[in-house]
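Asks: So here's upload_34.cif, just mmCIF, C-alpha atoms and all ligand atoms:
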data_my_file
#
loop_
_atom_site.group_PDB
_atom_site.id
_atom_site.type_symbol
_atom_site.label_atom_id
_atom_site.label_comp_id
_atom_site.auth_asym_id
_atom_site.auth_seq_id
_atom_site.Cartn_x
_atom_site.Cartn_y
_atom_site.Cartn_z
ATOM 1 C CA MET Z 21 82.703 56.827 55.970
ATOM 2 C CA ALA Z 22 81.011 59.974 54.759
ATOM 3 C CA ARG Z 23 82.382 61.368 51.514
ATOM 4 C CA ILE Z 24 81.946 64.488 49.456
ATOM 5 C CA VAL Z 25 80.479 63.607 46.067
ATOM 6 C CA GLY Z 26 80.256 67.053 44.518
ATOM 7 C CA GLY Z 27 80.229 70.808 44.907
ATOM 8 C CA LEU Z 28 77.750 73.260 43.447
ATOM 9 C CA GLY Z 29 78.238 77.012 43.188
ATOM 10 C CA THR Z 30 75.055 78.873 42.334
ATOM 11 C CA SER Z 31 73.461 82.308 42.256
ATOM 12 C CA HIS Z 32 70.605 82.824 44.717
ATOM 13 C CA VAL Z 33 68.734 85.882 43.436
ATOM 14 C CA PRO Z 34 65.132 85.921 44.791
ATOM 15 C CA ILE Z 35 63.700 86.332 41.266
ATOM 16 C CA ILE Z 36 65.030 82.845 40.527
ATOM 17 C CA GLY Z 37 62.888 81.424 43.331
ATOM 18 C CA ARG Z 38 59.845 83.461 42.266
ATOM 19 C CA THR Z 39 60.252 82.230 38.676
ATOM 20 C CA ILE Z 40 60.399 78.609 39.843
ATOM 21 C CA GLU Z 41 57.280 79.126 42.003
ATOM 22 C CA ALA Z 42 55.448 80.608 38.987
ATOM 23 C CA GLY Z 43 56.629 77.770 36.708
ATOM 24 C CA LYS Z 44 57.963 80.319 34.215
ATOM 25 C CA GLN Z 45 61.520 79.035 33.861
ATOM 26 C CA SER Z 46 61.285 78.843 30.057
ATOM 27 C CA GLU Z 47 59.716 82.303 29.689
ATOM 28 C CA VAL Z 48 62.278 84.535 31.377
ATOM 29 C CA GLY Z 49 65.337 86.152 29.824
ATOM 30 C CA PHE Z 50 67.600 84.002 31.948
ATOM 31 C CA ALA Z 51 65.984 80.717 30.813
ATOM 32 C CA PRO Z 52 69.443 79.338 29.825
ATOM 33 C CA PHE Z 53 70.357 79.428 33.524
ATOM 34 C CA PHE Z 54 67.494 77.015 34.291
ATOM 35 C CA ASP Z 55 68.326 74.873 31.238
ATOM 36 C CA ALA Z 56 71.838 74.395 32.587
ATOM 37 C CA TYR Z 57 70.328 72.615 35.600
ATOM 38 C CA GLY Z 58 69.116 69.730 33.363
ATOM 39 C CA PRO Z 59 72.449 67.871 33.544
ATOM 40 C CA VAL Z 60 72.628 68.708 37.263
ATOM 41 C CA HIS Z 61 69.287 66.952 37.834
ATOM 42 C CA GLN Z 62 70.513 63.919 35.870
ATOM 43 C CA TRP Z 63 73.674 63.870 37.968
ATOM 44 C CA LEU Z 64 71.631 64.048 41.185
ATOM 45 C CA ASP Z 65 69.442 61.154 39.983
ATOM 46 C CA LYS Z 66 72.560 59.102 39.396
ATOM 47 C CA VAL Z 67 74.627 60.052 42.447
ATOM 48 C CA LYS Z 68 71.798 60.476 44.995
ATOM 49 C CA PRO Z 69 73.480 62.544 47.730
ATOM 50 C CA ASP Z 70 72.125 62.040 51.256
ATOM 51 C CA VAL Z 71 73.048 65.428 52.706
ATOM 52 C CA ALA Z 72 73.566 68.950 51.345
ATOM 53 C CA ILE Z 73 75.800 71.283 53.326
ATOM 54 C CA VAL Z 74 74.778 74.761 52.180
ATOM 55 C CA PHE Z 75 77.245 77.634 52.605
ATOM 56 C CA TYR Z 76 75.462 80.946 52.201
ATOM 57 C CA ASN Z 77 75.373 84.461 53.558
ATOM 58 C CA ASP Z 78 72.460 85.303 55.807
ATOM 59 C CA HIS Z 79 70.628 88.414 54.594
ATOM 60 C CA GLY Z 80 69.462 89.715 57.982
ATOM 61 C CA LEU Z 81 67.079 86.877 58.884
ATOM 62 C CA ASN Z 82 69.067 85.103 61.558
ATOM 63 C CA PHE Z 83 71.736 87.658 62.286
ATOM 64 C CA ALA Z 84 71.757 91.443 62.445
ATOM 65 C CA LEU Z 85 73.889 94.049 64.159
ATOM 66 C CA ASP Z 86 73.004 92.831 67.649
ATOM 67 C CA ASN Z 87 74.478 89.416 66.911
ATOM 68 C CA MET Z 88 76.716 88.848 63.892
ATOM 69 C CA PRO Z 89 78.798 85.668 63.962
ATOM 70 C CA THR Z 90 81.535 85.353 61.371
ATOM 71 C CA PHE Z 91 80.731 81.683 60.827
ATOM 72 C CA ALA Z 92 77.604 79.908 62.101
ATOM 73 C CA MET Z 93 75.950 76.572 61.416
ATOM 74 C CA GLY Z 94 72.791 74.725 62.287
ATOM 75 C CA VAL Z 95 72.725 71.537 64.332
ATOM 76 C CA ALA Z 96 68.955 71.041 64.230
ATOM 77 C CA GLY Z 97 66.854 68.097 63.112
ATOM 78 C CA GLU Z 98 64.836 70.459 60.903
ATOM 79 C CA TYR Z 99 64.859 74.024 59.605
ATOM 80 C CA HIS Z 100 62.136 76.465 58.594
ATOM 81 C CA ASN Z 101 62.265 79.105 55.892
ATOM 82 C CA ALA Z 102 61.746 82.853 56.020
ATOM 83 C CA ASP Z 103 62.719 85.786 53.882
ATOM 84 C CA GLU Z 104 63.302 89.482 53.954
ATOM 85 C CA GLY Z 105 60.831 90.554 51.316
ATOM 86 C CA TRP Z 106 58.504 89.580 48.491
ATOM 87 C CA GLY Z 107 55.575 88.873 50.823
ATOM 88 C CA GLU Z 108 55.024 86.152 53.360
ATOM 89 C CA PRO Z 109 56.801 82.988 52.198
ATOM 90 C CA GLU Z 110 55.011 79.669 52.210
ATOM 91 C CA PRO Z 111 56.053 77.946 55.451
ATOM 92 C CA ARG Z 112 58.278 74.995 54.681
ATOM 93 C CA VAL Z 113 60.309 72.498 56.628
ATOM 94 C CA PHE Z 114 63.738 71.251 55.562
ATOM 95 C CA LYS Z 115 65.071 68.090 57.124
ATOM 96 C CA GLY Z 116 68.370 68.468 59.030
ATOM 97 C CA SER Z 117 71.212 66.080 59.805
ATOM 98 C CA ASP Z 118 71.916 66.650 63.480
ATOM 99 C CA ALA Z 119 74.390 63.757 63.908
ATOM 100 C CA LEU Z 120 76.611 64.943 61.039
ATOM 101 C CA SER Z 121 76.217 68.579 62.145
ATOM 102 C CA TRP Z 122 77.427 67.852 65.663
ATOM 103 C CA HIS Z 123 80.336 65.806 64.335
ATOM 104 C CA ILE Z 124 81.337 68.744 62.100
ATOM 105 C CA VAL Z 125 81.101 71.212 64.999
ATOM 106 C CA GLN Z 126 83.384 69.029 67.099
ATOM 107 C CA SER Z 127 85.851 68.605 64.254
ATOM 108 C CA LEU Z 128 85.867 72.317 63.314
ATOM 109 C CA ILE Z 129 86.567 73.433 66.858
ATOM 110 C CA GLU Z 130 89.406 70.922 67.177
ATOM 111 C CA ASP Z 131 90.613 72.382 63.871
ATOM 112 C CA ASP Z 132 90.668 75.932 65.367
ATOM 113 C CA PHE Z 133 87.428 77.168 63.753
ATOM 114 C CA ASP Z 134 85.363 78.309 66.736
ATOM 115 C CA ILE Z 135 82.066 78.366 64.898
ATOM 116 C CA SER Z 136 78.768 79.619 66.340
ATOM 117 C CA VAL Z 137 76.461 76.672 66.911
ATOM 118 C CA CYS Z 138 72.754 77.250 66.267
ATOM 119 C CA GLY Z 139 70.003 75.017 67.648
ATOM 120 C CA GLU Z 140 67.590 76.897 65.418
ATOM 121 C CA MET Z 141 68.239 78.521 62.087
ATOM 122 C CA LEU Z 142 66.095 79.940 59.293
ATOM 123 C CA PHE Z 143 66.842 79.309 55.630
ATOM 124 C CA ASP Z 144 66.522 82.562 53.698
ATOM 125 C CA HIS Z 145 66.339 82.831 49.896
ATOM 126 C CA ALA Z 146 70.032 82.002 49.639
ATOM 127 C CA GLY Z 147 69.342 78.529 51.009
ATOM 128 C CA THR Z 148 65.898 77.840 49.579
ATOM 129 C CA THR Z 149 66.711 79.039 46.041
ATOM 130 C CA ALA Z 150 69.735 76.764 45.829
ATOM 131 C CA LEU Z 151 67.743 73.773 47.096
ATOM 132 C CA ASP Z 152 64.806 74.509 44.764
ATOM 133 C CA LEU Z 153 67.146 74.774 41.786
ATOM 134 C CA LEU Z 154 68.616 71.399 42.681
ATOM 135 C CA TYR Z 155 65.304 69.739 43.483
ATOM 136 C CA PRO Z 156 62.299 71.383 41.801
ATOM 137 C CA GLY Z 157 58.787 70.769 43.127
ATOM 138 C CA HIS Z 158 59.436 71.277 46.845
ATOM 139 C CA ASN Z 159 60.570 67.696 46.999
ATOM 140 C CA ILE Z 160 63.937 67.904 48.732
ATOM 141 C CA PRO Z 161 65.189 64.366 49.386
ATOM 142 C CA VAL Z 162 68.456 65.395 51.068
ATOM 143 C CA ALA Z 163 69.019 66.365 54.670
ATOM 144 C CA THR Z 164 70.362 69.906 54.877
ATOM 145 C CA ILE Z 165 72.927 71.704 57.012
ATOM 146 C CA PRO Z 166 72.863 75.523 56.808
ATOM 147 C CA VAL Z 167 76.248 77.190 57.218
ATOM 148 C CA VAL Z 168 76.344 80.975 57.278
ATOM 149 C CA ILE Z 169 79.356 83.105 56.388
ATOM 150 C CA ASN Z 170 79.201 86.792 57.197
ATOM 151 C CA ALA Z 171 79.539 88.514 53.812
ATOM 152 C CA VAL Z 172 77.350 91.432 54.863
ATOM 153 C CA GLN Z 173 78.556 93.406 57.863
ATOM 154 C CA PRO Z 174 82.256 94.311 58.349
ATOM 155 C CA PRO Z 175 84.537 93.123 59.773
ATOM 156 C CA LEU Z 176 84.315 90.219 57.338
ATOM 157 C CA PRO Z 177 86.307 87.005 57.168
ATOM 158 C CA LYS Z 178 89.046 87.105 54.542
ATOM 159 C CA PRO Z 179 88.656 85.016 51.364
ATOM 160 C CA SER Z 180 91.639 82.926 52.506
ATOM 161 C CA ARG Z 181 89.866 82.193 55.801
ATOM 162 C CA CYS Z 182 86.667 81.149 53.984
ATOM 163 C CA TYR Z 183 88.669 78.805 51.765
ATOM 164 C CA ALA Z 184 90.389 77.310 54.821
ATOM 165 C CA PHE Z 185 86.982 77.067 56.548
ATOM 166 C CA GLY Z 186 85.742 74.959 53.631
ATOM 167 C CA GLN Z 187 88.839 72.770 53.820
ATOM 168 C CA ALA Z 188 88.082 72.141 57.507
ATOM 169 C CA PHE Z 189 84.590 70.969 56.457
ATOM 170 C CA GLY Z 190 86.234 68.567 54.019
ATOM 171 C CA ARG Z 191 88.277 67.029 56.852
ATOM 172 C CA ALA Z 192 85.234 66.945 59.131
ATOM 173 C CA VAL Z 193 83.053 65.113 56.617
ATOM 174 C CA ALA Z 194 85.811 62.635 55.792
ATOM 175 C CA SER Z 195 86.123 61.664 59.467
ATOM 176 C CA PHE Z 196 82.381 61.008 59.995
ATOM 177 C CA PRO Z 197 81.911 57.270 60.552
ATOM 178 C CA GLY Z 198 78.434 57.060 58.972
ATOM 179 C CA ASP Z 199 78.073 56.050 55.330
ATOM 180 C CA LEU Z 200 76.795 59.306 53.780
ATOM 181 C CA LYS Z 201 77.177 60.974 50.392
ATOM 182 C CA VAL Z 202 77.534 64.703 50.909
ATOM 183 C CA LEU Z 203 76.922 67.471 48.398
ATOM 184 C CA ILE Z 204 78.506 70.846 49.171
ATOM 185 C CA VAL Z 205 76.668 73.964 47.995
ATOM 186 C CA GLY Z 206 78.022 77.519 47.840
ATOM 187 C CA SER Z 207 75.117 79.895 47.288
ATOM 188 C CA GLY Z 208 75.944 83.421 46.195
ATOM 189 C CA GLY Z 209 77.118 85.909 43.590
ATOM 190 C CA LEU Z 210 78.709 86.409 41.345
ATOM 191 C CA SER Z 211 79.446 90.149 40.851
ATOM 192 C CA HIS Z 212 76.740 92.503 42.104
ATOM 193 C CA GLU Z 213 75.998 95.428 44.353
ATOM 194 C CA LEU Z 214 72.382 95.741 45.380
ATOM 195 C CA GLY Z 215 70.759 99.033 44.487
ATOM 196 C CA VAL Z 216 73.558 99.888 42.077
ATOM 197 C CA PHE Z 217 73.186 98.904 38.438
ATOM 198 C CA GLY Z 218 76.296 98.362 36.370
ATOM 199 C CA LYS Z 219 78.327 96.527 39.013
ATOM 200 C CA ILE Z 220 78.392 93.318 37.020
ATOM 201 C CA ASN Z 221 81.972 92.514 36.001
ATOM 202 C CA GLU Z 222 81.683 89.733 33.460
ATOM 203 C CA SER Z 223 85.403 89.312 32.841
ATOM 204 C CA PHE Z 224 86.117 88.959 36.568
ATOM 205 C CA ASP Z 225 83.172 86.558 36.946
ATOM 206 C CA ARG Z 226 84.501 84.378 34.125
ATOM 207 C CA LEU Z 227 87.975 84.470 35.671
ATOM 208 C CA THR Z 228 86.405 83.473 39.011
ATOM 209 C CA MET Z 229 84.757 80.461 37.363
ATOM 210 C CA GLU Z 230 88.061 79.381 35.839
ATOM 211 C CA LYS Z 231 90.038 79.870 39.038
ATOM 212 C CA ILE Z 232 87.515 78.152 41.279
ATOM 213 C CA VAL Z 233 88.191 74.979 39.268
ATOM 214 C CA ASP Z 234 91.949 75.082 38.701
ATOM 215 C CA ASP Z 235 93.464 77.622 41.056
ATOM 216 C CA PRO Z 236 91.208 78.552 43.995
ATOM 217 C CA SER Z 237 94.265 79.877 45.887
ATOM 218 C CA TYR Z 238 94.307 82.782 43.409
ATOM 219 C CA LEU Z 239 90.857 83.865 44.630
ATOM 220 C CA ALA Z 240 91.693 83.078 48.249
ATOM 221 C CA ALA Z 241 94.644 85.483 48.020
ATOM 222 C CA LEU Z 242 92.405 88.475 47.226
ATOM 223 C CA SER Z 243 91.537 90.922 49.993
ATOM 224 C CA ASN Z 244 87.934 91.833 50.792
ATOM 225 C CA ASP Z 245 88.544 95.311 49.362
ATOM 226 C CA GLU Z 246 89.850 93.838 46.125
ATOM 227 C CA VAL Z 247 86.743 91.650 45.820
ATOM 228 C CA VAL Z 248 84.498 94.677 46.414
ATOM 229 C CA ASP Z 249 86.410 96.732 43.823
ATOM 230 C CA LEU Z 250 86.233 93.939 41.260
ATOM 231 C CA ALA Z 251 82.819 92.432 41.955
ATOM 232 C CA GLY Z 252 80.804 94.971 43.962
ATOM 233 C CA ALA Z 253 79.850 94.910 47.641
ATOM 234 C CA GLN Z 254 77.671 91.807 47.319
ATOM 235 C CA GLY Z 255 80.291 90.210 45.108
ATOM 236 C CA LEU Z 256 81.645 89.191 48.512
ATOM 237 C CA GLU Z 257 79.174 86.309 48.246
ATOM 238 C CA LEU Z 258 82.061 84.708 46.377
ATOM 239 C CA MET Z 259 83.133 83.604 49.883
ATOM 240 C CA THR Z 260 80.455 80.894 49.693
ATOM 241 C CA TRP Z 261 81.936 79.478 46.465
ATOM 242 C CA LEU Z 262 85.412 79.541 48.022
ATOM 243 C CA ALA Z 263 84.191 77.617 51.073
ATOM 244 C CA MET Z 264 82.522 75.095 48.750
ATOM 245 C CA ARG Z 265 85.735 74.641 46.766
ATOM 246 C CA GLY Z 266 87.752 74.299 49.967
ATOM 247 C CA ALA Z 267 85.507 71.424 51.049
ATOM 248 C CA VAL Z 268 85.685 69.697 47.639
ATOM 249 C CA SER Z 269 89.461 69.546 47.753
ATOM 250 C CA GLY Z 270 91.820 68.287 45.061
ATOM 251 C CA PRO Z 271 91.375 68.125 41.284
ATOM 252 C CA VAL Z 272 87.799 68.330 40.014
ATOM 253 C CA ASN Z 273 85.861 67.926 36.788
ATOM 254 C CA ILE Z 274 83.045 70.232 35.726
ATOM 255 C CA VAL Z 275 79.749 68.339 35.348
ATOM 256 C CA ASN Z 276 78.072 71.452 33.959
ATOM 257 C CA SER Z 277 78.320 75.221 34.295
ATOM 258 C CA ILE Z 278 76.806 78.421 32.971
ATOM 259 C CA TYR Z 279 77.393 82.133 33.191
ATOM 260 C CA HIS Z 280 74.412 84.338 32.399
ATOM 261 C CA ALA Z 281 74.315 88.082 33.003
ATOM 262 C CA PRO Z 282 72.305 89.782 34.112
ATOM 263 C CA ILE Z 283 70.017 87.912 36.451
ATOM 264 C CA SER Z 284 68.452 90.801 38.339
ATOM 265 C CA HIS Z 285 71.487 92.812 39.573
ATOM 266 C CA THR Z 286 73.924 89.939 39.316
ATOM 267 C CA GLY Z 287 76.322 88.121 37.071
ATOM 268 C CA GLY Z 288 74.392 84.857 37.404
ATOM 269 C CA ALA Z 289 76.300 81.607 37.483
ATOM 270 C CA MET Z 290 76.117 77.930 38.247
ATOM 271 C CA MET Z 291 78.862 75.328 38.328
ATOM 272 C CA LEU Z 292 78.691 71.698 39.433
ATOM 273 C CA LEU Z 293 82.032 70.085 40.255
ATOM 274 C CA GLU Z 294 82.820 66.449 40.851
ATOM 275 C CA PRO Z 295 86.031 65.165 42.447
ATOM 276 C CA GLU Z 296 88.328 63.777 39.754
ATOM 277 C CA THR Z 297 88.266 60.492 41.667
ATOM 278 C CA GLY Z 298 84.505 60.275 40.943
ATOM 279 C CA ALA Z 299 81.280 60.958 42.829
HETATM 280 C C1 LIG Z 301 69.599 90.168 44.502
HETATM 281 C C2 LIG Z 301 70.827 89.533 44.682
HETATM 282 C C3 LIG Z 301 71.138 88.942 45.919
HETATM 283 O O1 LIG Z 301 72.329 88.321 46.191
HETATM 284 C C4 LIG Z 301 70.240 88.964 46.949
HETATM 285 O O2 LIG Z 301 70.574 88.354 48.092
HETATM 286 C C5 LIG Z 301 69.012 89.610 46.785
HETATM 287 C C6 LIG Z 301 68.694 90.196 45.562
HETATM 288 C C7 LIG Z 301 69.234 90.780 43.208
HETATM 289 O O3 LIG Z 301 70.104 90.992 42.344
HETATM 290 O O4 LIG Z 301 68.044 91.057 42.978
HETATM 291 FE FE FE Z 302 72.509 87.633 48.189
#
Can you present the structure in this file as structure tokens?

Replies:
Amino acid sequence: MARIVGGLGTSHVPIIGRTIEAGKQSEVGFAPFFDAYGPVHQWLDKVKPDVAIVFYNDHGLNFALDNMPTFAMGVAGEYHNADEGWGEPEPRVFKGSDALSWHIVQSLIEDDFDISVCGEMLFDHAGTTALDLLYPGHNIPVATIPVVINAVQPPLPKPSRCYAFGQAFGRAVASFPGDLKVLIVGSGGLSHELGVFGKINESFDRLTMEKIVDDPSYLAALSNDEVVDLAGAQGLELMTWLAMRGAVSGPVNIVNSIYHAPISHTGGAMMLLEPETGA
């Protein structure tokens, strides 16, 4: 039986990835954000997940106005990276988990989530940054499954739908016959609006971090407009944390967490959750 061993919510600002590449984690103003990953690395060494399902919002790499699925996931044996700026990225290959992916697709569709199924998919900075934070040194031991939620181009899925989407992933993983430990990642946020300074809302971000642990339904009940008012247009990346929390259902303990603002335009945050029943 596959089982979910933990859930990570994390910011995915490109400057985080550039700082890791430059090896300057201890020199930047948001060094405490990197420090908070120490206990996460120890936890990963102990728990050793086999697969990471990464919920993120595509930033125009895979999907643009000509083709904008609400929910899409990869079913490939491997994925390549790409990004929308900052120069040509180093080409990299991320191992996939096609058997688990296809099982999830089947389960989601039976569960009334008619997801777009992608034989090819590119990881943008939202995926690569999260994986590089988890596993520094381009040494990613887990298989990956990219799952994209449209948090960019209206009409957008509601927060409640993203939470329910995550819950459907929880059921799908639990019904996979293979013996796999699965880590769920939600890559995004927290409050920010690109190109507009001053959209960080620290008190809402801190409330988000509390509610994601103890009362995710509170966040799921918000409308998209309320999220934009409270957290800025790109604060909608909160959808990825809600999907993560939906998948890691039931009571959870915090392994470690941090809030650090600003990181670039964002209220930067990380939180690693473990099911109360253990990893
Ligand atoms: C920034 C934040 C993002 O979520 C993103 O996708 C790109 C850039 C930023 O604050 O710089
Ligand atoms: Fe983003």

Asks: Mind pulling up the distance from atom CA of Z:Cys182 to atom CA of Z:Ile169?

Replies: 7.9 Å

Asks: Around all the atoms of stretch 213-230 of chain Z listed in the file, draw an axis-aligned box and extend it by 8 Å on each of the six sides; I want its centre and edge lengths in Å to one decimal, as JSON.

Replies:
{"center_x": 79.4, "center_y": 89.6, "center_z": 39.1, "size_x": 33.3, "size_y": 36.5, "size_z": 28.5}

Asks: Using only C-alpha atoms, which residues sit within 12 Å of Z:Asn273 once same-chain residues fewer than 2 positions away are excluded, as JSON, numbers by chain?

Replies: {"Z": [25, 26, 27, 28, 230, 232, 233, 234, 268, 269, 270, 271, 275, 276, 277, 291, 292, 293, 294, 295, 296, 297, 298, 299]}

Asks: Quick one: which residues end up in the PyMOL selection byres (((chain Z and resi 91) around 10) and not hetatm) for this structure, as a ChimeraX atom specification?

Replies: /Z:75,77,88-90,92-93,133-137,167-171,176-177,182,185

Asks: Please identify the residues whose atoms come within 10 Å of ligand FE 302 (chain Z), using only C-alpha atoms and all ligand atoms, and report them as a list in words.

Replies: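 Residues lying within 10 Å of ligand FE 302 (chain Z): Ser31, His32, Val33, Pro34, Tyr76, Asn77, Asp78, His79, Asp144, His145, Ala146, Ala171, Val172, Ser207, Gly208, Gly209, Leu210, His212, Glu213, Leu214, Gln254, Gly255, Leu256, Glu257 and Thr286 of chain Z.
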
Asks: Restricted to C-alpha atoms, what would the selected residues look like written as a compact mmCIF listing (two decimals), in the coordinates of the input?

Replies:
# COMPACT_ATOMS: atom_id res chain seq x y z
CA SER Z 31 73.46 82.31 42.26
CA HIS Z 32 70.60 82.82 44.72
CA VAL Z 33 68.73 85.88 43.44
CA PRO Z 34 65.13 85.92 44.79
CA TYR Z 76 75.46 80.95 52.20
CA ASN Z 77 75.37 84.46 53.56
CA ASP Z 78 72.46 85.30 55.81
CA HIS Z 79 70.63 88.41 54.59
CA ASP Z 144 66.52 82.56 53.70
CA HIS Z 145 66.34 82.83 49.90
CA ALA Z 146 70.03 82.00 49.64
CA ALA Z 171 79.54 88.51 53.81
CA VAL Z 172 77.35 91.43 54.86
CA SER Z 207 75.12 79.90 47.29
CA GLY Z 208 75.94 83.42 46.20
CA GLY Z 209 77.12 85.91 43.59
CA LEU Z 210 78.71 86.41 41.34
CA HIS Z 212 76.74 92.50 42.10
CA GLU Z 213 76.00 95.43 44.35
CA LEU Z 214 72.38 95.74 45.38
CA GLN Z 254 77.67 91.81 47.32
CA GLY Z 255 80.29 90.21 45.11
CA LEU Z 256 81.64 89.19 48.51
CA GLU Z 257 79.17 86.31 48.25
CA THR Z 286 73.92 89.94 39.32

Asks: What gap, in Å, lies between atom CA of Z:Gly198 and atom CA of Z:Gly157?

Replies: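 Between these atoms lies a distance of 28.7 Å.
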
Asks: So which one's closest to Z:Val247, Z:Asp65, Z:Asp225, Z:Glu47, Z:Asp86? Using only C-alpha atoms, please.

Replies: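 Nearest candidate to Z:Val247 out of Z:Asp65, Z:Asp225, Z:Glu47, Z:Asp86: Z:Asp225.
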
Asks: Quick one, how far is atom CA of Z:Ala289 from atom CA of Z:Gly29?

Replies: 7.6 Å

Asks: If we draw a sphere of 6 Å around (71.6, 76.9, 41.3), which residues have at least one atom in it when counting only C-alpha atoms? Please report them as a PDB file with C-alpha atoms, keeping the file's coordinate frame.

Replies:
ATOM      1  CA  THR Z  30      75.055  78.873  42.334  1.00  0.00           C
ATOM      2  CA  SER Z  31      73.461  82.308  42.256  1.00  0.00           C
ATOM      3  CA  ALA Z 150      69.735  76.764  45.829  1.00  0.00           C
ATOM      4  CA  LEU Z 153      67.146  74.774  41.786  1.00  0.00           C
ATOM      5  CA  MET Z 290      76.117  77.930  38.247  1.00  0.00           C
TER       6      MET Z 290
END

Asks: Of the candidates Z:Ala253, Z:Met141, Z:Ala119, Z:Ile129, which shows the shortest atom-to-atom distance to ligand LIG 301 (chain Z), using all atoms listed in the file?

Replies: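 Of the candidates, the smallest distance to ligand LIG 301 (chain Z) is held by Z:Ala253.
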
Asks: Do you know which residues the PyMOL selection byres (((chain Z and resi 152) around 12) and not hetatm) returns on this file, as number ranges by chain?

Replies: Z: 30-32, 34, 36-41, 43, 54, 57, 61, 112, 114, 145-151, 153-162, 207

Asks: Which of these, Z:Val113, Z:Met229, Z:Ile283, Z:Ala72, has the shortest distance to ligand LIG 301 (chain Z) once you count all atoms listed in the file?

Replies: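 Of all the options, Z:Ile283 lies closest to ligand LIG 301 (chain Z).
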
Asks: Compare Z:Pro236, Z:Pro59, Z:Gly80, Z:Pro111 by their minimum atom-to-atom distance to ligand LIG 301 (chain Z), counting all atoms listed in the file, and give me the closest one.

Replies: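 Smallest distance to ligand LIG 301 (chain Z) is found for Z:Gly80.
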
Asks: Which residue, Z:Asn87, Z:Lys68, Z:Ile35, Z:Asp199, has the smallest gap to ligand LIG 301 (chain Z) when you use all atoms listed in the file?

Replies: Z:Ile35

Asks: Determine the residue membership of the PyMOL selection byres (((chain Z and resi 217) around 12) and not hetatm) for the file above and supply it as a PyMOL selection string.

Replies: chain Z and resi 211-216+218-221+252+282-287

Asks: So which one's closest to Z:Leu200, Z:Gly116, Z:Leu85, Z:Ala184, Z:Arg23? Using all atoms listed in the file, please.

Replies: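 Of all the options, Z:Arg23 lies closest to Z:Leu200.
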
Asks: At most 12 Å from (78.7, 65.1, 64.3), file frame, only C-alpha atoms: which residues, as an NGL selection string?

Replies: :Z and (22 or 94-96 or 117-129 or 165 or 189 or 192-198)
